Every structure is written in structure tokens, then in C-alpha cells.
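**Student:** Pasting a structure here, questions to come.
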Amino acid sequence: MAQSATLKGIILDNNNLPIPFVNIKTDNTGTSTNDNGFYILKIPANTDVKVTFTHIGHKSVTATFNLKNGETFEFNPVMSLENEQIATVIITGNERKRVEGVTVIQPEIIRTIKGAQPGVENLLKTLPGVNITNELSTQYSVRGGNYDENLVYVNDIQVYRPFLIRSGQQEGLSFVNTDLVQNVEFSAGGFQSKYGDKLSSVLDITYRNPIKSSVSANLSLLGGSLSAETVSKDSKFSGIIGLRYRDNSLLVNAKETETNYNPKFADIQTYLTYKFSDKFHLNFLGNASINKYNYEPQTRQTNFGTLTDPLALLVFYEGQEKDTYQTYFGALKANYFVNDDVTLKLIASTYHTTEEEYFDILAQYRLGEVNSNIGDEDLGEVEFSEGIGSQLNHARNDLDALITTVEHKGSYNDSDDNVFEWSLKYTHEDIRDRIVEWEVIDSAGFSINPPHIDAFNDQPYNAYQGPLVPFQNIRATNNTQIDRLQGYAQWSKRDEINGHEVFYNAGVRVHNWNVKGDGISSKRQSVISPRAQFAIKPDWEKDMLFRLSGGLYYQPPFYRELRDVNGLVNTNVKAQKSFHIVLGNEYSFKMWDRPFKLVSEAYYKGMTNVNPYTIDNVRIRYAASNNAKAYAYGLDLRLNGEFVPGTESWFSFGYLKTEENINNRGYISRPTDQRLKFGVLFQDYVPNMKDLKMYLNLVYNTGVPGGSPSYADPYVYQSRLPDYKRADIGFSYVIVDKNKTYNAQWKRKLEELSIGVEIFNMFDAQNSITNTWVRDVYSKRQYAIPNYLTPRVFNVRMNIRF
């Protein structure tokens, strides 16, 4: 009886996704899989042992093993669904994520539901509380925060967004490669201490460890991707690699500005694992990204105004923009499993980005009245000019950033279901930045002075004798280093009180940082961030779960938050502070004999030491001063389930109000004050032809404050951009399905093959994210000309897997 062997592995479904809580039994013992589908089971050696794997909704698997004493055997069964024609979607999710308030998105949905900017962010925009108002961008704001307030992790490693990006069409690819993804978890607030120091959200991505070799490809008019994965015969080595290429020409060329547009966005990523033993695993995550953006605008005509007073802006361009963004990222993670209860990790990573933003663009414009006489051969043409002028924009911006991190993480589970987690992390940020930007505006032949100069140039009526200076002029060179030392410790426990299941979590983070650099004074600061969660699942007939989470959240300044509108670094900027509380409820129920779940969350944030900012497209400019306080509160609702059997869909609604008080001048709406949000992700298929499928991705956001000139006083200009309305729809036909058998020889060689058509912005809604400001030479009035985003665009797509 003392002689034993070890059986272990990962249990997967037909989509190669791990299945948690699979029951594994022998005659004498048993266990179950964890959240990642992993199990380990001790069985008697030198005898036949029958092992049965069972899980609700899947066909059971039975296997017999006869292992030698001390032998470790890896067995990775694939459990088929009870009904293979229509996959049953488990809506309830695993219990651990429910009590933590984490939204889990199935990676298969991410790979199926594409969009103008395919990826995880394309689905995040349909969740309540998440705001994306630029389909060319992967940036998102959550519950009144901005793009810099979100944490993104890939396999425990934090990743960063670009520094110099100012518009969505420059952005290229998101860091996360959906072809490599195994798990996607998202928290919109009230997250635990184990996550970093940001004010808004956490996106936690896990890349998968392959269990077999395969190759997949995705091709469309917007580019393509190729991924390959393999595993060695002894299962010690596994690796996955993905290549992506994207060309936004189809979308940008559909806009109203005629251009010579030549973007090249490409990257390669890999995730490798080597198991030296059962106790020691080594992982490597690598990424290389090269984005080149060549933009040469030619002409533009924008019609606006009213039916009774139609106006148009004609612009003729000279010059071009050439941007280059190169990013290299590498990380090593060593995992040491001391025993079943103790896990130790050591992570070392380096992130290096070099970014160049060079442009010289002269825009000569004419603002005039439009011929609105129906039947006239000149209908729609500009007949009378009310204003003429020109605008010359110049930039020579360079940035070189090197971020190096070393971190130790650990966890310990005791016999009383207490879980202790801790971490100690050191980060060194070395950022070298040169910014040279100026803008000259000419109206009717006369240079326009910058807004801070009181003298008004009203020639030819009065002679102007003041200096001729650019309308905007920013010149700065910074060499800045930031050293950070962070740590956290937290405790979690699941318990039962009078038959009611309860969950506790409490933790604290400590963050110390020092800013120094050439020509700036050194400054060291520290913050302490306590956080807690409590959840209870009453022993009721109805499946209800209640959550309460909150704490003090800090956001120590990153380099972008230290640099003011003039490009100067202020080392005295403090960490923004937020008292955050979230009250949530999850109600799981059945409707039409299918699973559904209603998630509701109410939240409040009280913020101090706020660093005010403005948003222009996706570029954020900070005041680099903690001279404001703010608040945000709202309600998020999400109903998801099998509205169509075998498919997961959801409807989201969000209400938000966020305001700030700058220098005690009173409360005004923040740049991200998106009052109402409605999102839909809906999947369907033809009942008698289940291989013909459809998805609908629909978003409606009320307008946010914005569109004002960069120099405008927000207390004077509080107009809002128009509501953002967009619907993307896609149709696909599955030619080869891995769950079916085929007689044709060529189909047997494929696991999957599908083709599809997509319509982006199906209703051709005119959405705008910024305004161009021009002057009427006669009335001296300024007009806000909307810069429209992409119109309706058609795309063709093909997916194949071997």
C-alpha cells in the first residue's frame, strides 16, 4: 500500500479550454480539477486502477492505469459535450471569480467576434462601465477613469501602452494576441491588493500552455495572423508563437480625408514553457512589435450646419507624417511548487520602446456656404467663402523608454482553507524624451496670436506691432528616472456560516517611488493602500450572491503624468487617491430551461490629489499638478445567457456621473463623464443550418465633454461631443468543424475552416471624437468642424486551423 504513483494532467473541452471542477474518482480516492483544469492524483502502483472523470454537461471518461512505483504519468483527456450539435454554455462561471467580482470572457468568443479593431478590447466595449468611442483604438476608460488608469497583465506580467500615440489610426495592434489566449478576466473596480496601483480596472490575460501541435491562420482585408503551437513527446517543453500583420488602409481610406496612407503594423509573440521537474517550471514571454505609420493627406470636404444653413469645410493639404514605434519585451518567470500548498515565483522582465513622431503638414482651408438647390447641377458645391486660412503643424518628437522589473510572488494554502499571498517588486524606469511641436495659424492672410497673448491681430483695420509667434510652441528635453519598490500581502478565506457560504479577502499594498533626472530635483514619496472584499452566498432556493468590496486606491504618477502641457517634468506630483466602494449582486437563474445571469453593481469613488487632464482623440495631456478633487458614482447592469441555445450573448447598461473641482472653482464634468451606456453582444445561427452563424456587436454611448481647442478653459467650454452609435455585424459559414467527421480527404486534414463577411458601422453613423476649429473672417466667429470616424465598411474574413 505504501507504493504509489502519480497521475496528473489538464482536462480540456472540445475547444481546448480547461474544465474546472471535474470529479475524478477511483475505488479508494478522488479529487477534482482546479480553476485551470489541472489535477493531480495519487494512485496505487503495480496494479490496475480504474479512474473515472465526470462533469455536468460532458460525457464521462474512464481509463485504466498500471503504473510503477514512483512513476509520474501525464494524462490529458478531452471531454466531449453531451450534445455535440449545440454546445451548452456554462453561464455561472467558477465560484472563485464570482466572489471576487471578476468578469470572465470565454476566449472562443473573442476569437469569433471580430471588429474594426479585433481583440479583447472589442468585447470590453460591450460591458457596462467601459467606454470606447474610437473604433480604431484599443484604449478604453472605465467608470470615469482615463486610459492610463487601467492595469493589463499577461501571465502575471504587467504590460504597457504606447507613449506618443495621439490618434487611433496611428495605434496599430493591441499587445494581447487573441490567438494565444486561454483565460480573460476583467475587473471594473474594487479589485484585490495583488493587483497594482491604478484607479480604475484590471485586465488579466493568461496565455495557454499547448497540449498538442497545431497551426491556425486568420486572413482578412485588414491583415492577418498566424499562430503555431507544439508540445514535446515527454510533455516537458511546450511553446506557442503568434505573428500578426495589420493594415488599416481599408478603414482610413473610407474616411472623408483623401490620403496616401501606408501603415505597417506587425508583431511577433511567443510563450514558452519548460518543466524541469514536477516542482520547477520556467516560462518565457517575448514580444517584438514594429509599427510604421506614413500619412500624406491630400484633400478633405466636411459638410455640416443645418438644412436651412448648410456649410462646408474644404481643406487642401501639403506635407506628410512619418511615425515609427518599435517595442521589444521579454520576461522570464520561474515557478517553484514547494508542495501542494506553497508556490513561489520569480519574475524578471524588460520593456524597451523607441518612438518617433515626425510631421510637417500645411492645411489650407476654405469655409463656405453650400448650394442646396435641389436639381441644380452644382448641388453640394461651395459657392461663397465665409473664411479662408491655413494651419501649419510641425513636430519632431522622440522617446526612448526602458523599464526593468524584478518581482517575487508567493502563495500558501493552509489546512483551514486560508490563502496567503505576497509579493515584493522592484521597477526601474529610464525615459528619455524630446518634444518639439509648434503650430502656426493664419486667417485671411494674418497670423493668429496664441490665446495667452492679449493683443488681438485685427489687420487690416488696425496696424499690429506685436511679436509674430506660433499659436502653440512646445520645446522640452527630459531625461527622467523613476525607481519603484512595491509590495503586497493579502489573506483570503472561504467559510460557511449557518449554511451560508462566505468569502473574505483583506490585504494591503505599499508603494515607494523616487523621481530624479537631469535638471530636476529628486523627490521620494510613499503610499499605503488597504483593500478588502466580502461576499456571501445565502442558502436560498434562488442562486444569489452578494458582494461588498473597496478600499483606498492610489495611482503613483507614471512619466506621462509628471509631464505638463509645456513638456516640463514636475517631480512634486503626488499619487492620485481614491476611496472606492462597490456593492454587487449576481443572480443566476434559468429561463426557457437555459442558464442566465444578471449582474448588478453600484459604485462610488471619492478622489483627491487629482491630476487634471484633457483628452484629444486618444492623447492625454496632464496639468502635472494635484490641484483638483473629483467623484464618480454609477450603476452597471449586465444580463448574459443563452438567448439562443448553445450561444452566449449579453445586454449591458451603465449609468455614470463624474465631476471634478479644479482650484476650488466648482464642480464640472470630467472629460470621461459618459452619462449613459448601452451595449449588446448577440450571437445566433440558422436553426436548420447551424453552420451559418451571425454576431451583432452594438454600442450606444452618450457624448462626453470634449471637442474644445486644447487651450480652452474647461469651465468656459463644457459642450459635449455627439452620442457615439455603432453596430458591427458579421456572418460566417463553418465549412469544417472539428466536432464532425467528413468523408472528403481534404476536410479530414483540417480541424476548422470558416469564411465570413463583416459590416462595420452597419448603419453608417457619423461619429466624431474631435473638432477642427476654423474662423469666419467676417464675424470673427469660430466654427467647430467635426472630425468624423470611419463610415460603413465591408470586410471579408477566413479562419483555418490544421
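Lettering and numbering for the C-alpha cells are positional, with chains as A, B, ... in the shown order, residues counted from 1 in each chain, and ligands counted from 1 in the shown order.
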Please extract the residues of stretch 370-576 of chain A with a backbone DSSP assignment of helix (DSSP H, G or I) and present them as a count of residues only.

**Tutor:** 4

**Student:** Output as a Markdown table one row per residue of stretch 259-369 of chain A within 12 Å of stretch 760-767 of chain A: the closest atom pair and its distance in Å to one decimal place, counting only C-alpha atoms, sorted by chain and residue number ascending.

**Tutor:**
| residue | atom | partner | partner_atom | distance |
| --- | --- | --- | --- | --- |
| A:Thr302 | CA | A:Gln766 | CA | 11.4 |
| A:Asn303 | CA | A:Gln766 | CA | 11.5 |
| A:Phe304 | CA | A:Gln766 | CA | 11.2 |

**Student:** Looking at only C-alpha atoms, which of A:Asn570, A:Ser415, A:Ser187, A:Asn505 is the one that sits closest to A:Lys493?

**Tutor:**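 Looking only at the distances to A:Lys493, the closest residue turns out to be A:Asn505.
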
**Student:** Applying 8 Å and only C-alpha atoms, which residues near A:Tyr733 remain after dropping the ones on its own chain fewer than 2 positions away? List them as a ChimeraX atom specification.

**Tutor:** /A:691-693,731,735,754-756

**Student:** Write out as number ranges by chain the residues lying within 12 Å of A:Lys322, counting only C-alpha atoms and excluding same-chain residues fewer than 3 positions away.

**Tutor:** A: 170, 260-264, 291-297, 319, 325, 355-361, 394-397

**Student:** Excluding A:Thr6 and any residue of its chain fewer than 6 positions from it, enumerate the residues within 6 Å of it, using only C-alpha atoms, and give them as a ChimeraX atom specification.

**Tutor:** /A:41-42,72

**Student:** Closest to A:Val502 among A:Gly9, A:Leu164, A:Arg98, A:Ser227, using only C-alpha atoms?

**Tutor:**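 Residue with the minimum atom-to-atom distance to A:Val502: A:Arg98.
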
**Student:** Name the residues in contact with A:Gln525 at a cut-off of 10 Å, using only C-alpha atoms, excluding same-chain residues fewer than 4 positions from it; report them as JSON, numbers by chain.

**Tutor:** {"A": [484, 511, 512, 513, 514, 515, 556, 572, 573, 574, 575]}

**Student:** Store the residues picked out above in a file with N, CA, C and O atoms, as a PDB file, in the first residue's frame.

**Tutor:**
ATOM      1  N   ARG A 484      11.007  52.317  -8.310  1.00  0.00           N
ATOM      2  CA  ARG A 484       9.816  51.949  -7.533  1.00  0.00           C
ATOM      3  C   ARG A 484      10.083  50.655  -6.754  1.00  0.00           C
ATOM      4  O   ARG A 484      10.659  49.703  -7.288  1.00  0.00           O
ATOM      5  N   HIS A 511       3.737  51.214  -1.704  1.00  0.00           N
ATOM      6  CA  HIS A 511       4.409  51.662  -2.935  1.00  0.00           C
ATOM      7  C   HIS A 511       5.295  52.862  -2.590  1.00  0.00           C
ATOM      8  O   HIS A 511       4.812  53.895  -2.105  1.00  0.00           O
ATOM      9  N   ASN A 512       6.593  52.716  -2.830  1.00  0.00           N
ATOM     10  CA  ASN A 512       7.556  53.795  -2.623  1.00  0.00           C
ATOM     11  C   ASN A 512       8.246  54.089  -3.948  1.00  0.00           C
ATOM     12  O   ASN A 512       8.675  53.156  -4.634  1.00  0.00           O
ATOM     13  N   TRP A 513       8.339  55.361  -4.303  1.00  0.00           N
ATOM     14  CA  TRP A 513       8.980  55.703  -5.578  1.00  0.00           C
ATOM     15  C   TRP A 513       9.807  56.973  -5.437  1.00  0.00           C
ATOM     16  O   TRP A 513       9.544  57.831  -4.605  1.00  0.00           O
ATOM     17  N   ASN A 514      10.818  57.055  -6.286  1.00  0.00           N
ATOM     18  CA  ASN A 514      11.732  58.191  -6.301  1.00  0.00           C
ATOM     19  C   ASN A 514      11.922  58.652  -7.740  1.00  0.00           C
ATOM     20  O   ASN A 514      12.253  57.850  -8.622  1.00  0.00           O
ATOM     21  N   VAL A 515      11.695  59.947  -7.986  1.00  0.00           N
ATOM     22  CA  VAL A 515      11.838  60.529  -9.318  1.00  0.00           C
ATOM     23  C   VAL A 515      13.085  61.407  -9.331  1.00  0.00           C
ATOM     24  O   VAL A 515      13.274  62.244  -8.433  1.00  0.00           O
ATOM     25  N   PRO A 556       0.327  56.178  -8.136  1.00  0.00           N
ATOM     26  CA  PRO A 556       1.563  56.957  -8.219  1.00  0.00           C
ATOM     27  C   PRO A 556       1.832  57.355  -9.663  1.00  0.00           C
ATOM     28  O   PRO A 556       1.567  56.585 -10.595  1.00  0.00           O
ATOM     29  N   ASN A 572       7.153  66.901  -8.111  1.00  0.00           N
ATOM     30  CA  ASN A 572       6.334  67.041  -6.913  1.00  0.00           C
ATOM     31  C   ASN A 572       4.917  66.500  -7.073  1.00  0.00           C
ATOM     32  O   ASN A 572       4.109  66.602  -6.149  1.00  0.00           O
ATOM     33  N   VAL A 573       4.604  65.952  -8.242  1.00  0.00           N
ATOM     34  CA  VAL A 573       3.268  65.395  -8.446  1.00  0.00           C
ATOM     35  C   VAL A 573       3.056  64.220  -7.494  1.00  0.00           C
ATOM     36  O   VAL A 573       3.874  63.298  -7.417  1.00  0.00           O
ATOM     37  N   LYS A 574       1.952  64.251  -6.760  1.00  0.00           N
ATOM     38  CA  LYS A 574       1.630  63.207  -5.798  1.00  0.00           C
ATOM     39  C   LYS A 574       0.797  62.108  -6.456  1.00  0.00           C
ATOM     40  O   LYS A 574       0.260  62.268  -7.559  1.00  0.00           O
ATOM     41  N   ALA A 575       0.662  61.010  -5.739  1.00  0.00           N
ATOM     42  CA  ALA A 575      -0.216  59.934  -6.197  1.00  0.00           C
ATOM     43  C   ALA A 575      -1.667  60.371  -6.068  1.00  0.00           C
ATOM     44  O   ALA A 575      -2.068  60.926  -5.040  1.00  0.00           O
TER      45      ALA A 575
END

**Student:** Give me the residues near A:Met591 as a VMD selection string, where near means some atom within 10 Å (using only C-alpha atoms) and where sequence neighbours in that chain fewer than 4 positions away do not count.

**Tutor:** chain A and resid 595 to 597 641 to 643

**Student:** Which residue is closest to A:Asn787? Choose from A:Arg638, A:Arg161, A:Lys542, A:Arg300 and count only C-alpha atoms.

**Tutor:**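 That would be A:Arg300, the residue with the smallest distance to A:Asn787.
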
**Student:** Nearest residue to A:Ser141 out of A:Thr273, A:Gln472, A:Gln674, A:Thr480, using only C-alpha atoms?

**Tutor:**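 Comparing A:Thr273, A:Gln472, A:Gln674, A:Thr480 against A:Ser141, the winner is A:Gln674.
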
**Student:** In Å, how far is it from atom CA of A:Ile581 to atom CA of A:Tyr603?

**Tutor:**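 We find that atom CA of A:Ile581 and atom CA of A:Tyr603 lie 5.7 Å from each other.
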